[in-house]
file query-v3.txt (compact mmCIF, C-alpha atoms and all ligand atoms)
# COMPACT_ATOMS: atom_id res chain seq x y z
CA MET A 1 -27.80 -28.72 38.38
CA PRO A 2 -25.21 -25.98 38.27
CA ARG A 3 -24.22 -26.97 34.72
CA PRO A 4 -24.47 -24.27 32.09
CA MET A 5 -27.42 -24.54 29.72
CA PHE A 6 -27.43 -25.86 26.36
CA LYS A 7 -24.69 -28.40 26.58
CA SER A 8 -26.31 -31.58 25.41
CA ALA A 9 -29.00 -32.91 27.68
CA ALA A 10 -27.21 -36.25 27.54
CA ALA A 11 -24.03 -34.70 28.93
CA VAL A 12 -25.96 -33.05 31.73
CA ALA A 13 -27.77 -36.29 32.51
CA ALA A 14 -24.48 -38.19 32.53
CA VAL A 15 -22.97 -35.79 35.04
CA PHE A 16 -26.10 -35.98 37.15
CA VAL A 17 -25.97 -39.77 37.19
CA ALA A 18 -22.27 -39.66 38.02
CA CYS A 19 -23.06 -37.34 40.91
CA LEU A 20 -25.81 -39.58 42.18
CA ALA A 21 -23.30 -42.41 42.14
CA THR A 22 -20.46 -40.65 43.88
CA CYS A 23 -21.65 -37.15 44.70
CA SER A 24 -18.03 -36.14 44.16
CA ARG A 25 -18.96 -33.11 42.11
CA ALA A 26 -21.50 -31.73 44.53
CA SER A 27 -19.09 -29.30 46.11
CA ARG A 28 -17.61 -28.04 42.88
CA ALA A 29 -18.41 -24.65 41.50
CA GLY A 30 -19.91 -26.30 38.43
CA GLY A 31 -19.70 -26.24 34.68
CA PHE A 32 -17.68 -23.15 34.00
CA TYR A 33 -14.61 -24.25 35.93
CA GLU A 34 -14.83 -27.73 34.47
CA ASP A 35 -14.63 -26.34 30.96
CA PHE A 36 -12.56 -23.16 31.29
CA ASP A 37 -9.48 -21.70 32.92
CA VAL A 38 -9.34 -18.06 33.92
CA ILE A 39 -6.17 -16.85 32.22
CA TRP A 40 -6.38 -13.15 32.93
CA ASP A 41 -7.02 -11.81 36.38
CA GLU A 42 -9.08 -13.96 38.74
CA GLU A 43 -10.05 -10.79 40.60
CA HIS A 44 -11.94 -9.53 37.58
CA VAL A 45 -13.86 -12.72 36.78
CA ARG A 46 -17.04 -13.73 38.64
CA VAL A 47 -19.24 -16.77 38.22
CA THR A 48 -22.73 -16.15 39.52
CA ASP A 49 -26.17 -17.66 39.35
CA ASP A 50 -28.64 -15.59 37.41
CA GLY A 51 -31.56 -16.01 39.81
CA GLY A 52 -30.72 -19.70 40.07
CA ARG A 53 -31.61 -20.10 36.43
CA ARG A 54 -28.16 -20.56 35.09
CA GLN A 55 -24.56 -19.59 35.43
CA VAL A 56 -23.45 -16.18 34.31
CA VAL A 57 -19.79 -15.26 34.05
CA THR A 58 -18.93 -11.59 34.28
CA LEU A 59 -15.71 -10.11 32.98
CA THR A 60 -14.68 -6.75 34.39
CA LEU A 61 -12.38 -4.06 33.04
CA ASP A 62 -11.12 -1.22 35.20
CA ASN A 63 -8.01 0.92 35.30
CA ALA A 64 -6.13 -1.97 36.95
CA SER A 65 -6.90 -4.82 34.56
CA GLY A 66 -9.13 -6.50 32.03
CA SER A 67 -10.00 -10.18 32.23
CA GLY A 68 -10.43 -13.35 30.22
CA PHE A 69 -10.83 -17.11 30.14
CA GLN A 70 -10.06 -19.96 27.76
CA SER A 71 -11.33 -23.48 27.27
CA LYS A 72 -9.32 -26.32 28.74
CA ASP A 73 -9.84 -28.37 25.59
CA GLN A 74 -8.55 -27.63 22.13
CA PHE A 75 -10.75 -28.30 19.14
CA LEU A 76 -10.37 -29.21 15.51
CA PHE A 77 -13.70 -28.20 13.93
CA GLY A 78 -16.91 -27.50 15.74
CA GLU A 79 -19.91 -25.31 16.19
CA PHE A 80 -19.35 -22.95 19.14
CA ALA A 81 -22.15 -20.85 20.62
CA MET A 82 -21.84 -18.23 23.35
CA GLU A 83 -24.49 -16.01 24.90
CA MET A 84 -23.18 -12.52 25.58
CA LYS A 85 -24.59 -9.33 27.06
CA LEU A 86 -22.27 -6.43 26.36
CA VAL A 87 -21.06 -3.55 28.54
CA PRO A 88 -24.01 -1.17 28.99
CA GLY A 89 -23.96 2.63 29.01
CA ASP A 90 -20.72 4.34 28.11
CA SER A 91 -18.64 1.46 26.78
CA ALA A 92 -16.33 3.55 24.57
CA GLY A 93 -12.87 2.05 24.26
CA THR A 94 -13.88 -1.37 25.59
CA VAL A 95 -13.61 -4.54 23.53
CA ALA A 96 -15.49 -7.69 24.54
CA THR A 97 -14.51 -10.82 22.67
CA PHE A 98 -15.50 -14.39 21.91
CA TYR A 99 -13.00 -16.13 19.65
CA LEU A 100 -11.09 -19.25 18.81
CA THR A 101 -7.33 -19.30 18.49
CA SER A 102 -4.41 -21.67 18.23
CA GLU A 103 -1.02 -20.89 19.76
CA GLY A 104 2.28 -19.79 18.20
CA ASP A 105 3.28 -17.24 15.58
CA ALA A 106 1.61 -18.76 12.54
CA HIS A 107 -1.62 -19.08 14.44
CA ASP A 108 -5.17 -19.58 13.21
CA GLU A 109 -7.95 -17.51 14.74
CA ILE A 110 -11.68 -16.82 14.25
CA ASP A 111 -13.00 -13.67 15.93
CA PHE A 112 -16.07 -11.98 17.26
CA GLU A 113 -15.03 -8.64 18.83
CA PHE A 114 -17.55 -6.11 20.11
CA LEU A 115 -16.34 -2.52 20.03
CA GLY A 116 -18.05 -0.31 22.60
CA ASN A 117 -19.27 3.23 22.10
CA VAL A 118 -20.42 6.29 23.98
CA SER A 119 -23.93 6.00 25.43
CA GLY A 120 -26.63 5.78 22.80
CA GLU A 121 -24.28 5.17 19.88
CA PRO A 122 -24.05 1.77 18.24
CA TYR A 123 -21.66 -1.03 19.05
CA VAL A 124 -19.63 -2.44 16.18
CA MET A 125 -19.42 -6.20 15.75
CA HIS A 126 -15.98 -6.81 14.31
CA THR A 127 -15.21 -10.19 12.72
CA ASN A 128 -11.90 -11.48 11.44
CA VAL A 129 -10.12 -14.66 10.50
CA PHE A 130 -6.38 -15.35 10.74
CA VAL A 131 -4.86 -18.13 8.71
CA GLN A 132 -1.32 -19.17 9.61
CA GLY A 133 -0.62 -15.84 11.26
CA THR A 134 -2.21 -13.55 8.67
CA GLY A 135 -5.43 -11.72 9.46
CA ASN A 136 -6.49 -8.58 7.55
CA ARG A 137 -9.86 -10.12 6.75
CA GLU A 138 -12.13 -7.85 8.75
CA GLN A 139 -15.83 -7.45 8.26
CA GLU A 140 -17.77 -5.14 10.57
CA PHE A 141 -21.48 -4.82 11.26
CA TYR A 142 -23.93 -2.91 13.37
CA LEU A 143 -26.47 -5.09 15.18
CA TRP A 144 -30.25 -5.02 14.73
CA PHE A 145 -30.85 -4.97 18.50
CA ASP A 146 -29.34 -3.41 21.61
CA PRO A 147 -26.64 -5.94 22.56
CA THR A 148 -26.42 -4.53 26.09
CA ALA A 149 -30.09 -5.00 27.01
CA ASP A 150 -30.10 -8.79 27.04
CA PHE A 151 -28.18 -11.90 26.13
CA HIS A 152 -27.85 -12.88 22.48
CA ASN A 153 -26.28 -15.90 20.83
CA TYR A 154 -23.09 -15.54 18.84
CA THR A 155 -21.97 -18.67 17.02
CA VAL A 156 -18.93 -19.76 15.05
CA LEU A 157 -19.37 -22.83 12.88
CA TRP A 158 -16.03 -24.15 11.62
CA ASN A 159 -15.91 -27.24 9.42
CA PRO A 160 -13.85 -28.34 6.42
CA ASN A 161 -16.23 -26.51 4.04
CA ASN A 162 -16.43 -23.08 5.59
CA ILE A 163 -16.57 -20.84 8.64
CA ILE A 164 -19.98 -19.28 9.34
CA TRP A 165 -20.54 -16.44 11.83
CA THR A 166 -24.12 -16.42 13.14
CA VAL A 167 -26.02 -13.98 15.39
CA ASP A 168 -29.18 -15.34 17.02
CA GLY A 169 -29.31 -17.99 14.33
CA VAL A 170 -28.86 -15.49 11.48
CA PRO A 171 -25.72 -16.11 9.39
CA VAL A 172 -23.92 -12.82 8.78
CA ARG A 173 -20.61 -13.93 7.30
CA VAL A 174 -18.99 -16.90 5.61
CA PHE A 175 -15.33 -17.70 4.90
CA LYS A 176 -15.24 -20.56 2.44
CA ASN A 177 -12.56 -23.16 2.02
CA HIS A 178 -10.82 -22.17 -1.22
CA GLU A 179 -7.77 -24.33 -0.66
CA SER A 180 -8.26 -25.89 -4.09
CA SER A 181 -7.66 -22.39 -5.50
CA GLY A 182 -4.57 -21.86 -3.37
CA VAL A 183 -6.14 -19.83 -0.55
CA PRO A 184 -5.01 -21.16 2.83
CA TYR A 185 -7.73 -22.45 5.15
CA LEU A 186 -8.00 -23.34 8.83
CA GLY A 187 -7.80 -27.03 9.61
CA GLY A 188 -4.22 -27.83 10.51
CA GLN A 189 -4.15 -26.32 14.00
CA ALA A 190 -6.38 -27.03 16.99
CA MET A 191 -7.88 -23.97 18.67
CA ARG A 192 -9.20 -23.05 22.11
CA VAL A 193 -12.33 -21.05 22.86
CA HIS A 194 -11.49 -17.66 24.40
CA ALA A 195 -13.39 -14.73 25.87
CA SER A 196 -12.02 -11.46 27.18
CA LEU A 197 -12.76 -7.85 28.01
CA TRP A 198 -9.98 -5.37 27.42
CA ASN A 199 -9.14 -1.75 26.79
CA GLY A 200 -8.91 -1.09 23.05
CA GLU A 201 -9.19 2.69 23.22
CA SER A 202 -6.32 3.24 20.80
CA TRP A 203 -8.46 1.97 17.89
CA ALA A 204 -11.84 0.58 18.87
CA THR A 205 -14.25 3.47 19.12
CA GLN A 206 -14.76 5.85 16.23
CA GLY A 207 -11.35 4.91 14.94
CA GLY A 208 -9.64 5.60 18.29
CA ARG A 209 -10.86 9.20 18.52
CA VAL A 210 -13.02 8.41 21.57
CA LYS A 211 -11.08 7.08 24.56
CA THR A 212 -12.21 5.03 27.53
CA ASN A 213 -13.89 7.14 30.20
CA TRP A 214 -12.43 5.60 33.34
CA SER A 215 -14.82 7.50 35.59
CA ASP A 216 -17.47 5.05 34.26
CA ALA A 217 -15.41 1.99 35.30
CA PRO A 218 -15.79 -0.80 36.20
CA PHE A 219 -17.04 -2.02 32.81
CA VAL A 220 -18.78 -5.38 32.89
CA ALA A 221 -19.60 -7.81 30.08
CA SER A 222 -21.64 -10.94 30.83
CA TYR A 223 -21.33 -14.38 29.32
CA GLY A 224 -24.26 -16.76 29.68
CA SER A 225 -24.83 -20.22 28.32
CA TYR A 226 -22.32 -21.70 25.95
CA ALA A 227 -22.63 -24.78 23.80
CA TYR A 228 -20.21 -26.94 21.91
CA ALA A 229 -19.93 -30.15 23.90
CA ALA A 230 -22.16 -31.94 21.42
CA THR A 231 -20.91 -30.10 18.35
CA ALA A 232 -17.13 -29.96 18.45
CA CYS A 233 -14.22 -32.34 17.99
CA VAL A 234 -11.75 -32.37 20.86
CA ALA A 235 -8.16 -32.47 19.64
CA GLY A 236 -5.40 -34.51 21.22
CA ASP A 237 -5.25 -38.02 22.56
CA GLY A 238 -6.95 -37.60 25.95
CA ALA A 239 -9.94 -39.64 27.05
CA SER A 240 -12.37 -36.98 25.80
CA SER A 241 -10.75 -36.51 22.38
CA GLY A 242 -12.54 -37.18 19.13
CA CYS A 243 -15.69 -36.03 17.39
CA PRO A 244 -19.24 -36.50 18.65
CA PRO A 245 -21.31 -39.20 16.91
CA ASN A 246 -22.61 -38.42 13.41
CA ALA A 247 -20.16 -35.60 12.91
CA ALA A 248 -17.82 -36.97 10.26
CA PRO A 249 -17.27 -34.82 7.18
CA GLY A 250 -19.94 -35.88 4.72
CA ASP A 251 -22.48 -36.86 7.39
CA ALA A 252 -25.47 -35.22 5.80
CA GLY A 253 -27.27 -32.79 8.07
CA SER A 254 -24.51 -32.53 10.65
CA TRP A 255 -22.76 -29.29 11.53
CA MET A 256 -19.61 -30.91 10.18
CA ASP A 257 -21.11 -30.97 6.70
CA ARG A 258 -22.95 -27.67 6.73
CA GLN A 259 -22.67 -25.19 3.90
CA LEU A 260 -24.84 -22.21 3.15
CA GLY A 261 -28.30 -23.01 1.83
CA PRO A 262 -30.50 -20.51 -0.02
CA ASP A 263 -31.96 -19.15 3.26
CA ASP A 264 -28.46 -18.65 4.65
CA GLU A 265 -27.39 -16.82 1.49
CA ARG A 266 -30.41 -14.56 1.81
CA ALA A 267 -29.62 -13.87 5.48
CA ILE A 268 -26.03 -12.93 4.69
CA ALA A 269 -27.21 -10.67 1.87
CA TRP A 270 -29.67 -9.03 4.30
CA ALA A 271 -26.98 -8.46 6.93
CA ARG A 272 -24.57 -7.06 4.36
CA GLU A 273 -27.16 -4.81 2.83
CA ASN A 274 -28.52 -3.39 6.07
CA TYR A 275 -25.85 -3.67 8.74
CA MET A 276 -22.39 -4.07 7.23
CA ILE A 277 -20.14 -1.07 7.70
CA TYR A 278 -16.79 -2.47 6.57
CA ASP A 279 -15.58 -5.26 4.28
CA TYR A 280 -11.89 -5.84 3.63
CA CYS A 281 -12.84 -7.09 0.19
CA ASN A 282 -14.11 -3.63 -0.71
CA ASP A 283 -11.12 -1.65 0.54
CA PRO A 284 -8.85 -1.04 -2.46
CA TRP A 285 -6.80 1.50 -0.50
CA ARG A 286 -5.63 -1.30 1.75
CA PHE A 287 -4.76 -3.72 -1.00
CA PRO A 288 -3.23 -1.63 -3.79
CA GLN A 289 -1.73 -4.77 -5.35
CA GLY A 290 -5.17 -6.32 -5.63
CA ARG A 291 -7.53 -7.67 -3.05
CA PRO A 292 -7.07 -11.09 -1.43
CA ALA A 293 -7.87 -14.00 -3.73
CA GLU A 294 -10.89 -15.25 -1.80
CA CYS A 295 -12.64 -11.94 -2.47
CA ASN A 296 -12.69 -12.70 -6.18
CA LEU A 297 -13.77 -16.30 -5.71
CA ASP A 298 -16.79 -15.54 -3.51
CA ARG A 299 -19.98 -14.32 -5.07
CA HIS A 300 -20.48 -11.43 -2.69
CA GLY A 301 -17.24 -9.72 -1.87
C1 LIG B 1 -8.21 3.67 39.38
O1 LIG B 1 -9.56 3.74 39.79
C2 LIG B 1 -9.70 3.84 41.19
C3 LIG B 1 -11.19 3.72 41.52
O2 LIG B 1 -11.96 4.56 40.70
C4 LIG B 1 -9.09 5.17 41.66
O3 LIG B 1 -9.23 5.31 43.06
C5 LIG B 1 -7.63 5.19 41.26
O4 LIG B 1 -7.07 6.45 41.57
C6 LIG B 1 -7.46 4.91 39.77
N1 LIG B 1 -6.04 4.75 39.48
C7 LIG B 1 -5.45 5.33 38.44
C8 LIG B 1 -4.00 5.04 38.25
O5 LIG B 1 -6.05 6.08 37.66
C1 LIG B 2 -29.28 -19.38 22.43
O1 LIG B 2 -29.50 -20.55 21.70
C2 LIG B 2 -29.94 -21.65 22.51
C3 LIG B 2 -29.98 -22.88 21.64
O2 LIG B 2 -30.73 -22.65 20.50
C4 LIG B 2 -31.27 -21.30 23.15
O3 LIG B 2 -31.67 -22.34 24.00
C5 LIG B 2 -31.11 -20.03 23.95
O4 LIG B 2 -32.36 -19.62 24.47
C6 LIG B 2 -30.56 -18.90 23.08
N1 LIG B 2 -30.29 -17.75 23.89
C7 LIG B 2 -30.73 -16.53 23.61
C8 LIG B 2 -30.33 -15.46 24.54
O5 LIG B 2 -31.41 -16.29 22.62
C1 LIG B 3 -19.98 4.72 17.47
O1 LIG B 3 -20.86 5.75 17.06
C2 LIG B 3 -20.42 6.45 15.91
C3 LIG B 3 -21.44 7.56 15.67
O2 LIG B 3 -22.72 7.02 15.53
C4 LIG B 3 -20.32 5.49 14.74
O3 LIG B 3 -19.79 6.17 13.63
C5 LIG B 3 -19.41 4.32 15.09
O4 LIG B 3 -19.43 3.36 14.05
C6 LIG B 3 -19.91 3.67 16.37
N1 LIG B 3 -19.16 2.51 16.81
C7 LIG B 3 -17.84 2.49 17.10
C8 LIG B 3 -17.31 1.24 17.65
O5 LIG B 3 -17.11 3.45 16.92
call {"tool": "encode", "arguments": {"input": "query-v3.txt", "output": "C-alpha cells"}}
result
Amino acid sequence: MPRPMFKSAAAVAAVFVACLATCSRASRAGGFYEDFDVIWDEEHVRVTDDGGRRQVVTLTLDNASGSGFQSKDQFLFGEFAMEMKLVPGDSAGTVATFYLTSEGDAHDEIDFEFLGNVSGEPYVMHTNVFVQGTGNREQEFYLWFDPTADFHNYTVLWNPNNIIWTVDGVPVRVFKNHESSGVPYLGGQAMRVHASLWNGESWATQGGRVKTNWSDAPFVASYGSYAYAATACVAGDGASSGCPPNAAPGDAGSWMDRQLGPDDERAIAWARENYMIYDYCNDPWRFPQGRPAECNLDRHG
C-alpha cells in the first residue's frame, strides 16, 4: 500500500478494502496527495518511496524558491505527529517547519521551526504559539541528537486543556489553558497542518549574522510518516468532519483529555534544564511592563 505509515491501521485497511472493491485508487500517487495540497512551488516538492518502505516527501530550497504543503482538512483539536529529517551539512539560513495555523489576521498558530546552522554547529528548535494574532511566546531548544542523520518524530498535541510539544515521545513544552485567568487560548479557530522550507537568513542563524550559503544549494528537508487521522477532529460539515471515537473532552485516557502527568513534568524539566536556550518568560528586556500573564501562572516559567 502506498499509504503513509502510522495512520490508523483501520484507515489503511478501509482504503485497501475500498480498492479491492473498485480499484479506483490504484493509479493514484497515494496518501500524501489525498491528505495535502502543495501550496508553494510544485517544482520543489517531491514524493518518493524510501526503498519501497514508505513515502518520503522532500522539500527543496534554492535561490529560485522554497516550498511547502498544507493539509486539505482543517482541524479543531488533535494530536499531530510528523517525522522529519532536516537539511544536512551547511544549513545556515534555512528554516524547516511543521506547524498548525488558521487563516486571517487574528490567526491562531502552533509552531515547530528548525533553524539551520553551519556544518557541525547545532540546529535550534524554535517553538511558538500565536493566539488571535499575537505570538511572542518563543521557546528554543537544542536537540539531544543530530536531527539531520535520521527521521525523528515531532508532535503537537492540542486539546482544551493544553498544547504539548513532544520530540520522539519526550514532552519539551506545554502551553496551558489559562482562559479562566483571562489568558486567551486556542480553540475558536480551526487550523490546517503545514510544512515548509524557506530562507530565513535575516534572523535564523546566530541571530542573522550567518547568511545562507547558496553555493551549497539545493537544500533538502525530508518529511516521512505523519499521523493524525485517528487523533484529530476534522472541522466543518463535510462527510469526514467530526472527532474520532472516544475523543470527547473528558474521555479518560484519550489524547483529547491529556494533561501532563508526573513523568511528563519531569521530561519538560529535563529538556529545560539541559537543552533550552531561550524562554520568552525569562526575557525581562522584551517585556519591560511585566511578562505575559501565563508565565506567572505556570510553575516553571
Ligand atoms: C541560482 O543558482 C543557479 C544554480 O546554482 C545558478 O546557475 C544561478 O546563477 C543562480 N542565480 C542567482 C540569481 O544567483
Ligand atoms: C514515530 O512514531 C511512530 C508512532 O509511535 C513510530 O511508529 C515511528 O517509528 C516513529 N518514527 C521514528 C523516526 O522514530
Ligand atoms: C549555531 O551555532 C552557534 C555556535 O555554536 C550557536 O550559538 C547557535 O545557537 C546555533 N544555532 C543557530 C540556529 O544559530
call {"tool": "closest_residue", "arguments": {"input": "query-v3.txt", "among": "A:Gly116, A:Pro218, A:Gly188, A:Gly290", "to": "ligand LIG 1 (chain B)", "atoms": "only C-alpha atoms and all ligand atoms"}}
result
A:Pro218
call {"tool": "closest_residue", "arguments": {"input": "query-v3.txt", "among": "A:Ala248, A:Ala217, A:Ala293, A:Met276", "to": "ligand LIG 1 (chain B)", "atoms": "all atoms listed in the file"}}
result
A:Ala217
call {"tool": "residues_near_point", "arguments": {"input": "query-v3.txt", "point": "(-6.2, -13.4, 11.7)", "cutoff": "9 Å", "atoms": "all atoms listed in the file", "output": "ChimeraX atom specification"}}
result
/A:107-111,128-138
call {"tool": "residues_near_ligand", "arguments": {"input": "query-v3.txt", "ligand": "ligand LIG 3 (chain B)", "cutoff": "6 Å", "atoms": "all atoms listed in the file", "output": "count of residues only"}}
result
10
call {"tool": "residues_near_point", "arguments": {"input": "query-v3.txt", "point": "(-27.5, -7.0, 19.6)", "cutoff": "12 Å", "atoms": "all atoms listed in the file", "output": "number ranges by chain"}}
result
A: 83-88, 114, 116, 122-125, 141-154, 166-168, 170, 275
call {"tool": "write_last_selection", "arguments": {"input": "query-v3.txt", "atoms": "C-alpha atoms", "output": "CSV table (one decimal), in the frame of the given file"}}
result
chain,number,residue,atom,x,y,z
A,83,GLU,CA,-24.5,-16.0,24.9
A,84,MET,CA,-23.2,-12.5,25.6
A,85,LYS,CA,-24.6,-9.3,27.1
A,86,LEU,CA,-22.3,-6.4,26.4
A,87,VAL,CA,-21.1,-3.6,28.5
A,88,PRO,CA,-24.0,-1.2,29.0
A,114,PHE,CA,-17.6,-6.1,20.1
A,116,GLY,CA,-18.0,-0.3,22.6
A,122,PRO,CA,-24.0,1.8,18.2
A,123,TYR,CA,-21.7,-1.0,19.0
A,124,VAL,CA,-19.6,-2.4,16.2
A,125,MET,CA,-19.4,-6.2,15.8
A,141,PHE,CA,-21.5,-4.8,11.3
A,142,TYR,CA,-23.9,-2.9,13.4
A,143,LEU,CA,-26.5,-5.1,15.2
A,144,TRP,CA,-30.2,-5.0,14.7
A,145,PHE,CA,-30.8,-5.0,18.5
A,146,ASP,CA,-29.3,-3.4,21.6
A,147,PRO,CA,-26.6,-5.9,22.6
A,148,THR,CA,-26.4,-4.5,26.1
A,149,ALA,CA,-30.1,-5.0,27.0
A,150,ASP,CA,-30.1,-8.8,27.0
A,151,PHE,CA,-28.2,-11.9,26.1
A,152,HIS,CA,-27.8,-12.9,22.5
A,153,ASN,CA,-26.3,-15.9,20.8
A,154,TYR,CA,-23.1,-15.5,18.8
A,166,THR,CA,-24.1,-16.4,13.1
A,167,VAL,CA,-26.0,-14.0,15.4
A,168,ASP,CA,-29.2,-15.3,17.0
A,170,VAL,CA,-28.9,-15.5,11.5
A,275,TYR,CA,-25.8,-3.7,8.7
call {"tool": "closest_residue", "arguments": {"input": "query-v3.txt", "among": "A:Ile39, A:Cys243, A:Cys233, A:Glu140", "to": "Arg173 of chain A", "atoms": "all atoms listed in the file"}}
result
A:Glu140
call {"tool": "residues_near_ligand", "arguments": {"input": "query-v3.txt", "ligand": "ligand LIG 1 (chain B)", "cutoff": "8 Å", "atoms": "only C-alpha atoms and all ligand atoms", "output": "number ranges by chain"}}
result
A: 62-64, 214-215, 217-218
call {"tool": "closest_residue", "arguments": {"input": "query-v3.txt", "among": "A:Gln259, A:Ser225, A:Gln289, A:Ser254", "to": "Asp49 of chain A", "atoms": "only C-alpha atoms"}}
result
A:Ser225
call {"tool": "atom_distance", "arguments": {"input": "query-v3.txt", "atom1": "atom CA of Val56 of chain A", "atom2": "atom CA of Gly224 of chain A"}}
result
4.7 Å
call {"tool": "atom_distance", "arguments": {"input": "query-v3.txt", "atom1": "atom CA of Asp41 of chain A", "atom2": "atom CA of Asp90 of chain A"}}
result
22.7 Å
call {"tool": "residues_around", "arguments": {"input": "query-v3.txt", "residues": "Ile163 of chain A", "least_positions_apart": "4", "cutoff": "10 Å", "atoms": "all atoms listed in the file", "output": "ChimeraX atom specification"}}
result
/A:77-79,110,129,156-159,173-177,185-186,258-259
call {"tool": "build_atoms", "arguments": {"input": "query-v3.txt", "residues": "segment 284-291 of chain A", "atoms": "all heavy atoms", "output": "tab-separated table (two decimals), in the coordinates of the input"}}
result
chain	number	residue	atom	x	y	z
A	284	PRO	N	-9.98	-1.03	-1.52
A	284	PRO	CA	-8.85	-1.04	-2.46
A	284	PRO	C	-7.64	-0.29	-1.92
A	284	PRO	O	-6.50	-0.63	-2.23
A	284	PRO	CB	-9.43	-0.35	-3.71
A	284	PRO	CG	-10.69	0.30	-3.28
A	284	PRO	CD	-11.18	-0.40	-2.06
A	285	TRP	N	-7.90	0.73	-1.06
A	285	TRP	CA	-6.80	1.50	-0.50
A	285	TRP	C	-5.85	0.60	0.28
A	285	TRP	O	-4.64	0.78	0.30
A	285	TRP	CB	-7.38	2.59	0.41
A	285	TRP	CG	-6.37	3.37	1.15
A	285	TRP	CD1	-5.69	4.47	0.71
A	285	TRP	CD2	-5.91	3.13	2.48
A	285	TRP	NE1	-4.84	4.91	1.68
A	285	TRP	CE2	-4.94	4.12	2.78
A	285	TRP	CE3	-6.20	2.17	3.45
A	285	TRP	CZ2	-4.28	4.17	4.01
A	285	TRP	CZ3	-5.54	2.22	4.67
A	285	TRP	CH2	-4.61	3.22	4.94
A	286	ARG	N	-6.43	-0.42	0.93
A	286	ARG	CA	-5.63	-1.30	1.75
A	286	ARG	C	-4.86	-2.33	0.94
A	286	ARG	O	-3.85	-2.88	1.41
A	286	ARG	CB	-6.55	-2.04	2.71
A	286	ARG	CG	-6.10	-1.85	4.11
A	286	ARG	CD	-7.11	-2.38	5.04
A	286	ARG	NE	-6.53	-3.44	5.82
A	286	ARG	CZ	-7.26	-4.35	6.44
A	286	ARG	NH1	-8.56	-4.35	6.33
A	286	ARG	NH2	-6.67	-5.25	7.17
A	287	PHE	N	-5.37	-2.65	-0.21
A	287	PHE	CA	-4.76	-3.72	-1.00
A	287	PHE	C	-4.46	-3.18	-2.40
A	287	PHE	O	-5.07	-3.60	-3.39
A	287	PHE	CB	-5.70	-4.93	-1.08
A	287	PHE	CG	-6.08	-5.49	0.26
A	287	PHE	CD1	-7.36	-5.31	0.77
A	287	PHE	CD2	-5.16	-6.21	1.01
A	287	PHE	CE1	-7.72	-5.83	2.01
A	287	PHE	CE2	-5.50	-6.73	2.25
A	287	PHE	CZ	-6.78	-6.55	2.75
A	288	PRO	N	-3.51	-2.25	-2.48
A	288	PRO	CA	-3.23	-1.63	-3.79
A	288	PRO	C	-2.77	-2.65	-4.83
A	288	PRO	O	-2.97	-2.43	-6.02
A	288	PRO	CB	-2.14	-0.59	-3.48
A	288	PRO	CG	-1.61	-0.93	-2.13
A	288	PRO	CD	-2.67	-1.69	-1.41
A	289	GLN	N	-2.19	-3.75	-4.38
A	289	GLN	CA	-1.73	-4.77	-5.35
A	289	GLN	C	-2.86	-5.69	-5.78
A	289	GLN	O	-2.64	-6.69	-6.44
A	289	GLN	CB	-0.63	-5.66	-4.76
A	289	GLN	CG	0.37	-5.00	-3.86
A	289	GLN	CD	1.20	-3.96	-4.58
A	289	GLN	OE1	1.47	-4.10	-5.77
A	289	GLN	NE2	1.60	-2.92	-3.88
A	290	GLY	N	-4.06	-5.42	-5.32
A	290	GLY	CA	-5.17	-6.32	-5.63
A	290	GLY	C	-5.67	-6.97	-4.36
A	290	GLY	O	-4.89	-7.29	-3.47
A	291	ARG	N	-6.98	-7.15	-4.30
A	291	ARG	CA	-7.53	-7.67	-3.05
A	291	ARG	C	-7.27	-9.16	-2.92
A	291	ARG	O	-6.96	-9.85	-3.91
A	291	ARG	CB	-9.02	-7.36	-2.99
A	291	ARG	CG	-9.83	-7.92	-4.13
A	291	ARG	CD	-11.24	-7.38	-4.05
A	291	ARG	NE	-12.13	-8.18	-4.89
A	291	ARG	CZ	-13.44	-8.15	-4.79
A	291	ARG	NH1	-14.03	-7.37	-3.91
A	291	ARG	NH2	-14.18	-8.90	-5.57
